[in-house]
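Everything below belongs to query_29.pdb, which stores PDB, C-alpha atoms.
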ATOM      1  CA  MET A1291      32.666  90.986  88.830  1.00  0.00           C
ATOM      2  CA  ALA A1292      33.444  87.812  86.874  1.00  0.00           C
ATOM      3  CA  ASN A1293      32.592  84.361  88.168  1.00  0.00           C
ATOM      4  CA  PHE A1294      34.696  81.249  88.034  1.00  0.00           C
ATOM      5  CA  GLU A1295      34.172  78.607  85.399  1.00  0.00           C
ATOM      6  CA  LYS A1296      35.398  75.040  85.814  1.00  0.00           C
ATOM      7  CA  GLN A1297      37.743  73.406  83.355  1.00  0.00           C
ATOM      8  CA  SER A1298      38.489  69.680  83.502  1.00  0.00           C
ATOM      9  CA  LEU A1299      41.917  68.462  82.421  1.00  0.00           C
ATOM     10  CA  LYS A1300      43.962  65.311  82.571  1.00  0.00           C
ATOM     11  CA  VAL A1301      47.590  66.054  83.423  1.00  0.00           C
ATOM     12  CA  ASN A1302      49.913  63.056  83.114  1.00  0.00           C
ATOM     13  CA  GLY A1303      47.021  60.766  83.993  1.00  0.00           C
ATOM     14  CA  VAL A1304      45.700  62.859  86.920  1.00  0.00           C
ATOM     15  CA  ASP A1305      42.194  64.341  86.724  1.00  0.00           C
ATOM     16  CA  VAL A1306      42.489  68.076  87.399  1.00  0.00           C
ATOM     17  CA  VAL A1307      39.697  70.584  87.932  1.00  0.00           C
ATOM     18  CA  MET A1308      40.769  74.183  87.380  1.00  0.00           C
ATOM     19  CA  LEU A1309      38.832  77.352  88.156  1.00  0.00           C
ATOM     20  CA  THR A1310      39.210  80.068  85.532  1.00  0.00           C
ATOM     21  CA  ALA A1311      38.013  83.657  85.215  1.00  0.00           C
ATOM     22  CA  GLY A1312      38.842  86.772  83.237  1.00  0.00           C
ATOM     23  CA  HIS A1313      40.965  87.508  80.212  1.00  0.00           C
ATOM     24  CA  GLY A1314      44.471  88.769  79.723  1.00  0.00           C
ATOM     25  CA  PRO A1315      47.931  87.576  80.723  1.00  0.00           C
ATOM     26  CA  PRO A1316      47.838  84.180  82.469  1.00  0.00           C
ATOM     27  CA  LEU A1317      47.934  84.220  86.272  1.00  0.00           C
ATOM     28  CA  LEU A1318      48.413  80.833  87.915  1.00  0.00           C
ATOM     29  CA  HIS A1319      47.495  80.640  91.600  1.00  0.00           C
ATOM     30  CA  LEU A1320      48.781  77.692  93.636  1.00  0.00           C
ATOM     31  CA  HIS A1321      46.577  77.439  96.706  1.00  0.00           C
ATOM     32  CA  GLY A1322      47.338  76.240 100.217  1.00  0.00           C
ATOM     33  CA  ALA A1323      46.545  73.002 102.012  1.00  0.00           C
ATOM     34  CA  GLY A1324      42.783  73.573 102.312  1.00  0.00           C
ATOM     35  CA  THR A1325      40.112  74.465  99.772  1.00  0.00           C
ATOM     36  CA  TRP A1326      37.053  74.853 102.042  1.00  0.00           C
ATOM     37  CA  HIS A1327      37.206  78.689 102.116  1.00  0.00           C
ATOM     38  CA  GLY A1328      37.132  79.030  98.339  1.00  0.00           C
ATOM     39  CA  PHE A1329      38.967  81.553  96.181  1.00  0.00           C
ATOM     40  CA  ASP A1330      36.533  84.419  95.655  1.00  0.00           C
ATOM     41  CA  PHE A1331      39.269  86.889  96.612  1.00  0.00           C
ATOM     42  CA  ALA A1332      41.080  86.011  93.363  1.00  0.00           C
ATOM     43  CA  LEU A1333      38.186  87.250  91.216  1.00  0.00           C
ATOM     44  CA  ARG A1334      39.552  90.780  91.686  1.00  0.00           C
ATOM     45  CA  TRP A1335      42.512  89.790  89.513  1.00  0.00           C
ATOM     46  CA  ALA A1336      40.197  88.752  86.669  1.00  0.00           C
ATOM     47  CA  ASP A1337      39.860  92.401  85.635  1.00  0.00           C
ATOM     48  CA  THR A1338      43.421  92.325  84.320  1.00  0.00           C
ATOM     49  CA  HIS A1339      44.383  88.648  84.006  1.00  0.00           C
ATOM     50  CA  ARG A1340      43.162  85.253  83.003  1.00  0.00           C
ATOM     51  CA  VAL A1341      43.075  83.742  86.487  1.00  0.00           C
ATOM     52  CA  MET A1342      43.685  79.992  86.707  1.00  0.00           C
ATOM     53  CA  ILE A1343      43.385  78.096  89.995  1.00  0.00           C
ATOM     54  CA  PRO A1344      43.920  74.350  89.595  1.00  0.00           C
ATOM     55  CA  TYR A1345      43.072  72.214  92.596  1.00  0.00           C
ATOM     56  CA  HIS A1346      46.192  70.343  93.626  1.00  0.00           C
ATOM     57  CA  PRO A1347      46.080  66.569  93.109  1.00  0.00           C
ATOM     58  CA  GLY A1348      44.562  65.105  96.262  1.00  0.00           C
ATOM     59  CA  LEU A1349      42.773  68.335  97.184  1.00  0.00           C
ATOM     60  CA  GLY A1350      39.471  69.929  96.266  1.00  0.00           C
ATOM     61  CA  GLU A1351      37.860  68.562  93.131  1.00  0.00           C
ATOM     62  CA  SER A1352      40.993  67.183  91.495  1.00  0.00           C
ATOM     63  CA  GLY A1353      41.744  63.482  91.542  1.00  0.00           C
ATOM     64  CA  ASP A1354      44.040  61.665  93.925  1.00  0.00           C
ATOM     65  CA  CYS A1355      47.628  60.796  93.078  1.00  0.00           C
ATOM     66  CA  PRO A1356      49.271  59.101  96.082  1.00  0.00           C
ATOM     67  CA  GLU A1357      52.432  58.612  94.039  1.00  0.00           C
ATOM     68  CA  MET A1358      53.088  62.364  94.360  1.00  0.00           C
ATOM     69  CA  THR A1359      54.902  62.498  97.686  1.00  0.00           C
ATOM     70  CA  CYS A1360      57.199  65.547  97.620  1.00  0.00           C
ATOM     71  CA  PRO A1361      57.148  69.184  96.467  1.00  0.00           C
ATOM     72  CA  HIS A1362      59.139  68.390  93.339  1.00  0.00           C
ATOM     73  CA  ASP A1363      56.402  66.001  92.167  1.00  0.00           C
ATOM     74  CA  TYR A1364      54.001  68.945  92.237  1.00  0.00           C
ATOM     75  CA  VAL A1365      56.499  71.200  90.464  1.00  0.00           C
ATOM     76  CA  MET A1366      56.674  68.699  87.618  1.00  0.00           C
ATOM     77  CA  HIS A1367      52.880  68.432  87.638  1.00  0.00           C
ATOM     78  CA  TYR A1368      52.553  72.188  87.124  1.00  0.00           C
ATOM     79  CA  LEU A1369      55.276  72.284  84.515  1.00  0.00           C
ATOM     80  CA  GLU A1370      53.275  69.670  82.640  1.00  0.00           C
ATOM     81  CA  LEU A1371      50.081  71.703  83.102  1.00  0.00           C
ATOM     82  CA  ILE A1372      51.655  74.914  81.803  1.00  0.00           C
ATOM     83  CA  ASP A1373      53.098  73.073  78.812  1.00  0.00           C
ATOM     84  CA  GLN A1374      49.739  71.443  78.146  1.00  0.00           C
ATOM     85  CA  LEU A1375      48.061  74.864  78.157  1.00  0.00           C
ATOM     86  CA  LYS A1376      50.759  76.087  75.726  1.00  0.00           C
ATOM     87  CA  LEU A1377      51.780  78.968  77.979  1.00  0.00           C
ATOM     88  CA  ASP A1378      55.271  80.358  77.582  1.00  0.00           C
ATOM     89  CA  THR A1379      55.201  82.357  80.826  1.00  0.00           C
ATOM     90  CA  VAL A1380      52.797  82.973  83.702  1.00  0.00           C
ATOM     91  CA  ASP A1381      52.417  85.324  86.601  1.00  0.00           C
ATOM     92  CA  LEU A1382      52.615  82.995  89.588  1.00  0.00           C
ATOM     93  CA  VAL A1383      50.994  83.456  93.013  1.00  0.00           C
ATOM     94  CA  GLY A1384      51.591  80.828  95.695  1.00  0.00           C
ATOM     95  CA  MET A1385      49.959  80.705  99.119  1.00  0.00           C
ATOM     96  CA  SER A1386      51.413  78.787 102.095  1.00  0.00           C
ATOM     97  CA  MET A1387      51.967  75.247 100.783  1.00  0.00           C
ATOM     98  CA  GLY A1388      51.426  76.660  97.297  1.00  0.00           C
ATOM     99  CA  GLY A1389      54.047  79.293  98.103  1.00  0.00           C
ATOM    100  CA  ARG A1390      56.637  76.600  98.635  1.00  0.00           C
ATOM    101  CA  LEU A1391      55.612  74.983  95.363  1.00  0.00           C
ATOM    102  CA  ALA A1392      55.688  78.329  93.537  1.00  0.00           C
ATOM    103  CA  ALA A1393      59.132  79.245  94.883  1.00  0.00           C
ATOM    104  CA  THR A1394      60.509  75.839  93.924  1.00  0.00           C
ATOM    105  CA  PHE A1395      58.950  76.017  90.472  1.00  0.00           C
ATOM    106  CA  ALA A1396      60.278  79.526  89.844  1.00  0.00           C
ATOM    107  CA  SER A1397      63.802  78.669  91.015  1.00  0.00           C
ATOM    108  CA  GLU A1398      63.922  75.662  88.681  1.00  0.00           C
ATOM    109  CA  HIS A1399      62.118  77.294  85.724  1.00  0.00           C
ATOM    110  CA  PRO A1400      62.705  81.043  86.082  1.00  0.00           C
ATOM    111  CA  ARG A1401      62.112  81.768  82.398  1.00  0.00           C
ATOM    112  CA  ARG A1402      58.542  80.514  82.717  1.00  0.00           C
ATOM    113  CA  VAL A1403      57.606  83.020  85.463  1.00  0.00           C
ATOM    114  CA  ARG A1404      57.169  86.708  84.617  1.00  0.00           C
ATOM    115  CA  ARG A1405      56.303  87.906  88.139  1.00  0.00           C
ATOM    116  CA  LEU A1406      56.122  85.939  91.386  1.00  0.00           C
ATOM    117  CA  VAL A1407      54.085  86.511  94.553  1.00  0.00           C
ATOM    118  CA  LEU A1408      54.651  84.423  97.671  1.00  0.00           C
ATOM    119  CA  VAL A1409      51.966  84.671 100.355  1.00  0.00           C
ATOM    120  CA  ALA A1410      53.084  83.346 103.778  1.00  0.00           C
ATOM    121  CA  PRO A1411      55.057  80.577 102.050  1.00  0.00           C
ATOM    122  CA  ALA A1412      56.234  77.402 103.726  1.00  0.00           C
ATOM    123  CA  GLY A1413      59.781  76.141 103.347  1.00  0.00           C
ATOM    124  CA  LEU A1414      62.107  78.350 105.394  1.00  0.00           C
ATOM    125  CA  ASP A1415      61.444  77.329 108.972  1.00  0.00           C
ATOM    126  CA  VAL A1416      62.827  79.397 111.858  1.00  0.00           C
ATOM    127  CA  ALA A1417      63.605  77.841 115.237  1.00  0.00           C
ATOM    128  CA  GLY A1418      61.047  78.967 117.782  1.00  0.00           C
ATOM    129  CA  TYR A1419      58.602  80.076 115.074  1.00  0.00           C
ATOM    130  CA  SER A1420      57.670  76.784 113.443  1.00  0.00           C
ATOM    131  CA  MET A1421      54.298  75.713 112.146  1.00  0.00           C
ATOM    132  CA  PRO A1422      52.261  74.255 115.027  1.00  0.00           C
ATOM    133  CA  ASP A1423      51.370  70.571 115.139  1.00  0.00           C
ATOM    134  CA  PHE A1424      47.743  70.771 114.080  1.00  0.00           C
ATOM    135  CA  SER A1425      47.137  67.173 115.163  1.00  0.00           C
ATOM    136  CA  GLN A1426      47.511  68.419 118.747  1.00  0.00           C
ATOM    137  CA  ILE A1427      45.190  71.427 118.398  1.00  0.00           C
ATOM    138  CA  PRO A1428      41.478  70.991 119.303  1.00  0.00           C
ATOM    139  CA  PRO A1429      39.337  71.382 116.144  1.00  0.00           C
ATOM    140  CA  GLN A1430      37.410  74.324 117.600  1.00  0.00           C
ATOM    141  CA  GLU A1431      40.671  76.258 117.994  1.00  0.00           C
ATOM    142  CA  VAL A1432      42.004  75.665 114.482  1.00  0.00           C
ATOM    143  CA  PRO A1433      40.235  78.673 112.862  1.00  0.00           C
ATOM    144  CA  SER A1434      42.049  81.067 115.200  1.00  0.00           C
ATOM    145  CA  TYR A1435      45.337  79.723 113.841  1.00  0.00           C
ATOM    146  CA  LEU A1436      44.249  80.497 110.296  1.00  0.00           C
ATOM    147  CA  ILE A1437      42.787  83.975 110.554  1.00  0.00           C
ATOM    148  CA  HIS A1438      42.924  86.961 112.875  1.00  0.00           C
ATOM    149  CA  ASP A1439      39.202  87.802 112.615  1.00  0.00           C
ATOM    150  CA  VAL A1440      37.418  84.452 112.684  1.00  0.00           C
ATOM    151  CA  SER A1441      34.094  86.042 111.666  1.00  0.00           C
ATOM    152  CA  VAL A1442      35.520  86.481 108.146  1.00  0.00           C
ATOM    153  CA  ILE A1443      35.520  82.727 107.534  1.00  0.00           C
ATOM    154  CA  ALA A1444      32.437  81.887 109.627  1.00  0.00           C
ATOM    155  CA  PRO A1445      30.187  81.475 106.537  1.00  0.00           C
ATOM    156  CA  TYR A1446      32.555  78.831 105.150  1.00  0.00           C
ATOM    157  CA  LEU A1447      32.380  76.845 108.386  1.00  0.00           C
ATOM    158  CA  ALA A1448      28.588  76.403 108.304  1.00  0.00           C
ATOM    159  CA  ASN A1449      28.914  72.765 107.187  1.00  0.00           C
ATOM    160  CA  ALA A1450      31.816  71.914 109.479  1.00  0.00           C
ATOM    161  CA  GLY A1451      31.333  68.587 111.198  1.00  0.00           C
ATOM    162  CA  THR A1452      29.028  67.054 108.593  1.00  0.00           C
ATOM    163  CA  ASP A1453      29.974  63.711 107.071  1.00  0.00           C
ATOM    164  CA  GLN A1454      30.745  65.346 103.719  1.00  0.00           C
ATOM    165  CA  TRP A1455      32.894  68.032 105.354  1.00  0.00           C
ATOM    166  CA  ASN A1456      34.778  65.499 107.467  1.00  0.00           C
ATOM    167  CA  ALA A1457      35.442  63.234 104.486  1.00  0.00           C
ATOM    168  CA  ALA A1458      36.795  66.124 102.406  1.00  0.00           C
ATOM    169  CA  ARG A1459      39.030  67.376 105.229  1.00  0.00           C
ATOM    170  CA  THR A1460      40.326  63.864 105.941  1.00  0.00           C
ATOM    171  CA  ARG A1461      41.281  63.453 102.289  1.00  0.00           C
ATOM    172  CA  GLU A1462      42.988  66.839 102.059  1.00  0.00           C
ATOM    173  CA  ASN A1463      44.799  66.347 105.358  1.00  0.00           C
ATOM    174  CA  ALA A1464      46.137  63.004 104.151  1.00  0.00           C
ATOM    175  CA  THR A1465      47.616  64.705 101.073  1.00  0.00           C
ATOM    176  CA  PHE A1466      49.039  67.532 103.172  1.00  0.00           C
ATOM    177  CA  PHE A1467      50.660  65.229 105.725  1.00  0.00           C
ATOM    178  CA  ARG A1468      52.128  63.094 102.932  1.00  0.00           C
ATOM    179  CA  LEU A1469      53.786  66.255 101.604  1.00  0.00           C
ATOM    180  CA  LEU A1470      54.955  67.184 105.096  1.00  0.00           C
ATOM    181  CA  GLN A1471      56.736  63.858 105.252  1.00  0.00           C
ATOM    182  CA  GLY A1472      58.188  64.657 101.817  1.00  0.00           C
ATOM    183  CA  GLY A1473      59.828  67.850 103.095  1.00  0.00           C
ATOM    184  CA  LEU A1474      57.189  70.521 102.439  1.00  0.00           C
ATOM    185  CA  ILE A1475      58.088  72.817 105.334  1.00  0.00           C
ATOM    186  CA  GLU A1476      61.625  71.661 106.026  1.00  0.00           C
ATOM    187  CA  SER A1477      64.241  74.370 105.633  1.00  0.00           C
ATOM    188  CA  THR A1478      66.729  72.273 103.682  1.00  0.00           C
ATOM    189  CA  PRO A1479      69.945  73.488 102.036  1.00  0.00           C
ATOM    190  CA  GLU A1480      68.746  71.857  98.813  1.00  0.00           C
ATOM    191  CA  PHE A1481      65.810  74.292  98.753  1.00  0.00           C
ATOM    192  CA  SER A1482      67.279  77.496 100.152  1.00  0.00           C
ATOM    193  CA  ARG A1483      70.536  77.478  98.183  1.00  0.00           C
ATOM    194  CA  TRP A1484      68.680  78.000  94.896  1.00  0.00           C
ATOM    195  CA  LEU A1485      66.374  80.844  95.935  1.00  0.00           C
ATOM    196  CA  HIS A1486      68.871  83.358  94.527  1.00  0.00           C
ATOM    197  CA  ARG A1487      67.597  82.227  91.120  1.00  0.00           C
ATOM    198  CA  LEU A1488      64.343  84.088  91.782  1.00  0.00           C
ATOM    199  CA  THR A1489      65.512  87.101  89.818  1.00  0.00           C
ATOM    200  CA  MET A1490      62.088  87.895  88.349  1.00  0.00           C
ATOM    201  CA  PRO A1491      60.177  90.697  90.155  1.00  0.00           C
ATOM    202  CA  THR A1492      59.027  89.041  93.387  1.00  0.00           C
ATOM    203  CA  MET A1493      56.715  90.138  96.191  1.00  0.00           C
ATOM    204  CA  LEU A1494      56.328  88.600  99.655  1.00  0.00           C
ATOM    205  CA  ILE A1495      53.049  89.137 101.546  1.00  0.00           C
ATOM    206  CA  TRP A1496      52.567  88.130 105.188  1.00  0.00           C
ATOM    207  CA  GLY A1497      49.922  88.737 107.843  1.00  0.00           C
ATOM    208  CA  GLU A1498      51.443  90.118 111.036  1.00  0.00           C
ATOM    209  CA  ASN A1499      49.226  87.885 113.210  1.00  0.00           C
ATOM    210  CA  ASP A1500      49.870  84.636 111.334  1.00  0.00           C
ATOM    211  CA  ARG A1501      49.787  81.747 113.842  1.00  0.00           C
ATOM    212  CA  THR A1502      50.310  79.017 111.224  1.00  0.00           C
ATOM    213  CA  LEU A1503      53.527  80.268 109.630  1.00  0.00           C
ATOM    214  CA  PRO A1504      54.670  83.135 111.867  1.00  0.00           C
ATOM    215  CA  ILE A1505      55.840  86.312 110.196  1.00  0.00           C
ATOM    216  CA  GLN A1506      59.238  85.873 111.888  1.00  0.00           C
ATOM    217  CA  GLN A1507      59.990  83.444 109.042  1.00  0.00           C
ATOM    218  CA  ALA A1508      59.783  86.297 106.535  1.00  0.00           C
ATOM    219  CA  ASP A1509      63.291  87.600 107.228  1.00  0.00           C
ATOM    220  CA  ARG A1510      64.830  84.436 105.817  1.00  0.00           C
ATOM    221  CA  TRP A1511      62.921  84.884 102.568  1.00  0.00           C
ATOM    222  CA  VAL A1512      63.957  88.534 102.335  1.00  0.00           C
ATOM    223  CA  GLN A1513      67.602  87.578 102.861  1.00  0.00           C
ATOM    224  CA  ALA A1514      67.477  84.735 100.330  1.00  0.00           C
ATOM    225  CA  ILE A1515      65.716  86.418  97.379  1.00  0.00           C
ATOM    226  CA  PRO A1516      67.447  89.368  95.697  1.00  0.00           C
ATOM    227  CA  GLY A1517      65.349  92.500  95.311  1.00  0.00           C
ATOM    228  CA  ILE A1518      62.203  91.042  96.868  1.00  0.00           C
ATOM    229  CA  GLN A1519      59.424  93.442  97.886  1.00  0.00           C
ATOM    230  CA  PHE A1520      58.092  92.630 101.355  1.00  0.00           C
ATOM    231  CA  LYS A1521      54.626  93.760 102.487  1.00  0.00           C
ATOM    232  CA  ARG A1522      53.462  93.227 106.067  1.00  0.00           C
ATOM    233  CA  ILE A1523      49.687  93.245 106.497  1.00  0.00           C
ATOM    234  CA  PRO A1524      48.591  94.352 110.002  1.00  0.00           C
ATOM    235  CA  GLU A1525      45.730  92.657 111.864  1.00  0.00           C
ATOM    236  CA  ALA A1526      45.781  89.695 109.482  1.00  0.00           C
ATOM    237  CA  GLY A1527      46.351  86.001 109.988  1.00  0.00           C
ATOM    238  CA  HIS A1528      47.465  83.199 107.692  1.00  0.00           C
ATOM    239  CA  LEU A1529      44.551  83.525 105.260  1.00  0.00           C
ATOM    240  CA  VAL A1530      45.564  87.102 104.601  1.00  0.00           C
ATOM    241  CA  MET A1531      43.957  87.295 101.138  1.00  0.00           C
ATOM    242  CA  ASP A1532      40.599  86.169 102.538  1.00  0.00           C
ATOM    243  CA  GLU A1533      40.857  88.607 105.408  1.00  0.00           C
ATOM    244  CA  LYS A1534      42.301  91.771 103.895  1.00  0.00           C
ATOM    245  CA  PRO A1535      41.193  93.067 100.473  1.00  0.00           C
ATOM    246  CA  GLU A1536      44.164  95.436 100.513  1.00  0.00           C
ATOM    247  CA  ALA A1537      46.484  92.419 100.297  1.00  0.00           C
ATOM    248  CA  VAL A1538      44.687  91.261  97.160  1.00  0.00           C
ATOM    249  CA  GLU A1539      44.873  94.767  95.722  1.00  0.00           C
ATOM    250  CA  LEU A1540      48.608  94.997  96.397  1.00  0.00           C
ATOM    251  CA  ILE A1541      49.117  91.732  94.535  1.00  0.00           C
ATOM    252  CA  GLY A1542      46.962  92.897  91.633  1.00  0.00           C
ATOM    253  CA  GLN A1543      48.895  96.164  91.327  1.00  0.00           C
ATOM    254  CA  PHE A1544      52.208  94.340  91.449  1.00  0.00           C
ATOM    255  CA  LEU A1545      51.186  91.844  88.785  1.00  0.00           C
ATOM    256  CA  SER A1546      49.750  94.538  86.506  1.00  0.00           C
ATOM    257  CA  ALA A1547      53.091  96.318  86.251  1.00  0.00           C
ATOM    258  CA  ARG A1548      54.654  95.861  82.828  1.00  0.00           C
TER     259      ARG A1548
END
Do you think you could lay out the structure here as structure tokens?
Amino acid sequence: MANFEKQSLKVNGVDVVMLTAGHGPPLLHLHGAGTWHGFDFALRWADTHRVMIPYHPGLGESGDCPEMTCPHDYVMHYLELIDQLKLDTVDLVGMSMGGRLAATFASEHPRRVRRLVLVAPAGLDVAGYSMPDFSQIPPQEVPSYLIHDVSVIAPYLANAGTDQWNAARTRENATFFRLLQGGLIESTPEFSRWLHRLTMPTMLIWGENDRTLPIQQADRWVQAIPGIQFKRIPEAGHLVMDEKPEAVELIGQFLSAR
């Protein structure tokens, strides 16, 4: 299996580190609000695609950009990145926060996206099934909100609580909460009214035991996006791609269709 290489870029003045692997059609993965669990699951796609995973500004190894305060700022950032890489179209996979960004990007620039996969995306909240307030959840309970089988992510939590870990999480949380204030998970008419523009082949993946963005939100996505394929993954939480290889395989098969 291929390994990731790191590519350093400067996108509109922001230092960006991007993981890349494989060869073939470009696959851009927009990750969620945390980078501590890595992206090894995505290496399976490197057999058929050139996988590109840029760390969002303010997360992971990319630089900070406090001026980016709303989802549309990140959409423009990725439009700039794709232009800079001279890519006409990409296959686009967005997870959670990255799912909201991917859906927004694809609705505004549908001709740049060949196929779209949304994995437990934020953005279409449902009363009674909202994202929990993580500031009120004890740290030791947070993993159970992210994954059904906590043992899957146990190796990534070995350094939890160290000064380096705490500093990285504090920085990423600050970026995430800034985006929350900018409307990341709000189900606004301005966002939902344009989802009908997602006319490219689109797949929705959701873990049935997701406690971060409950699967009950999925119906709104299915109703809003014409022709969407919806796959429920049993015994899986929010980090469904980390937890269930079959979810990754489903995505790979979908993206490999021509």
query: Applied to this file, what does the PyMOL selection byres ((chain A and resi 1498) around 6) return in terms of residues, put as a ChimeraX atom specification?
result: /A:1497,1499-1500,1505,1523-1524,1526
For the PyMOL selection byres ((chain A and resi 1383-1393) around 8), applied here, can you spell out every residue it catches as a compact mmCIF listing (two decimals) with C-alpha atoms, keeping the file's coordinate frame?
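Saved as part.txt:
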# COMPACT_ATOMS: atom_id res chain seq x y z
CA LEU A 1317 47.93 84.22 86.27
CA LEU A 1318 48.41 80.83 87.92
CA HIS A 1319 47.50 80.64 91.60
CA LEU A 1320 48.78 77.69 93.64
CA HIS A 1321 46.58 77.44 96.71
CA GLY A 1322 47.34 76.24 100.22
CA ALA A 1323 46.54 73.00 102.01
CA PRO A 1361 57.15 69.18 96.47
CA HIS A 1362 59.14 68.39 93.34
CA TYR A 1364 54.00 68.94 92.24
CA VAL A 1365 56.50 71.20 90.46
CA ASP A 1381 52.42 85.32 86.60
CA LEU A 1382 52.62 83.00 89.59
CA THR A 1394 60.51 75.84 93.92
CA PHE A 1395 58.95 76.02 90.47
CA ALA A 1396 60.28 79.53 89.84
CA SER A 1397 63.80 78.67 91.02
CA LEU A 1406 56.12 85.94 91.39
CA VAL A 1407 54.08 86.51 94.55
CA LEU A 1408 54.65 84.42 97.67
CA VAL A 1409 51.97 84.67 100.36
CA ALA A 1410 53.08 83.35 103.78
CA PRO A 1411 55.06 80.58 102.05
CA ALA A 1412 56.23 77.40 103.73
CA GLY A 1413 59.78 76.14 103.35
CA LEU A 1474 57.19 70.52 102.44
CA ILE A 1475 58.09 72.82 105.33
CA LEU A 1485 66.37 80.84 95.94
CA LEU A 1488 64.34 84.09 91.78
CA LEU A 1503 53.53 80.27 109.63
task: Step by step, work through what the PyMOL selection byres ((chain A and resi 1345-1351) around 6) selects in the shown file, and finish by giving those residues as an MDAnalysis selection string.
output: chainID A and resid 1307 1325 1344 1352:1355 1462 1465
query: For the atom pair atom CA of Ala1464 of chain A and atom CA of Val1442 of chain A, what is the interatomic distance in Å to one decimal place?
result: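 Going from atom CA of Ala1464 of chain A over to atom CA of Val1442 of chain A, I get 26.1 Å.
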message: Quick one: residues within 7 Å of Leu1414 of chain A, only C-alpha atoms, excluding same-chain residues fewer than 2 positions away - as a VMD selection string?
response: chain A and resid 1412 1416 1475 to 1477 1507 1510
query: Can you tell me, as a ChimeraX atom specification, which residues sit within 6 Å of (46.8, 87.0, 86.1) in the file's frame, using all atoms listed in the file?
result: /A:1315-1317,1339-1341,1381
statement: As a check of understanding: the span from atom CA of Met1493 of chain A to atom CA of Glu1398 of chain A is 17.8 Å
- prompt: Near Pro1491 of chain A, within 10 Å and counting all atoms listed in the file, which residues show up once chain neighbours fewer than 2 positions away are dropped, as an MDAnalysis selection string?
  reply: chainID A and resid 1403:1407 1488:1489 1493 1516:1519 1544:1545 1547
query: Neighbours of Leu1309 of chain A within 9 Å (all atoms listed in the file; same-chain residues fewer than 3 positions away dropped), as a ChimeraX atom specification?
result: /A:1294-1298,1341-1345
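Distances from A:Gly1418, A:Gly1303, A:Gly1473, A:Gly1324 to Cys1360 of chain A were compared using all atoms listed in the file, and the smallest one belongs to A:Gly1473.
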Nearest residue to Thr1502 of chain A from the set A:Trp1484, A:Trp1455, A:Tyr1419, A:Trp1326 (distances using all atoms listed in the file): A:Tyr1419
task: State, in Å with one decimal place, the distance from atom CA of Asn1456 of chain A to atom CA of Ser1425 of chain A.
output: 14.7 Å
- request: Identify which of the residues A:Ala1336, A:Gly1542, A:Tyr1368, A:Thr1492 lies closest to Trp1511 of chain A, counting all atoms listed in the file when measuring atom-to-atom distances.
  value: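 When distances to Trp1511 of chain A are compared using all atoms listed in the file, the smallest one comes from A:Thr1492.
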message: Considering only C-alpha atoms, can you say which of A:Arg1522, A:His1367, A:Arg1401, A:Arg1459 comes closest to Gln1506 of chain A?
response: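 Answer, going by the shortest atom-to-atom distance: A:Arg1522.
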message: For Leu1299 of chain A, find every residue with an atom within 9 Å (counting all atoms listed in the file), except residues of its own chain fewer than 6 positions away, and show them as a count of residues only.
response: 5
task: Using all atoms listed in the file, find all polymer residues with an atom at most 12 Å away from the point (36.3, 86.7, 109.2); report them as a ChimeraX atom specification.
output: /A:1327,1433-1434,1436-1447,1525-1535
Taking all listed atoms of segment 1509-1528 of chain A, build the axis-aligned box, pad each of the six sides by 5 Å, then write its centre and edge lengths in Å to one decimal as AutoDock Vina command-line options.
--center_x 56.7 --center_y 88.8 --center_z 103.6 --size_x 31.9 --size_y 21.2 --size_z 26.6
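Minimum distance to Asn1463 of chain A across A:Pro1479, A:His1399, A:Trp1496, A:Phe1424 (counting only C-alpha atoms) occurs at A:Phe1424.
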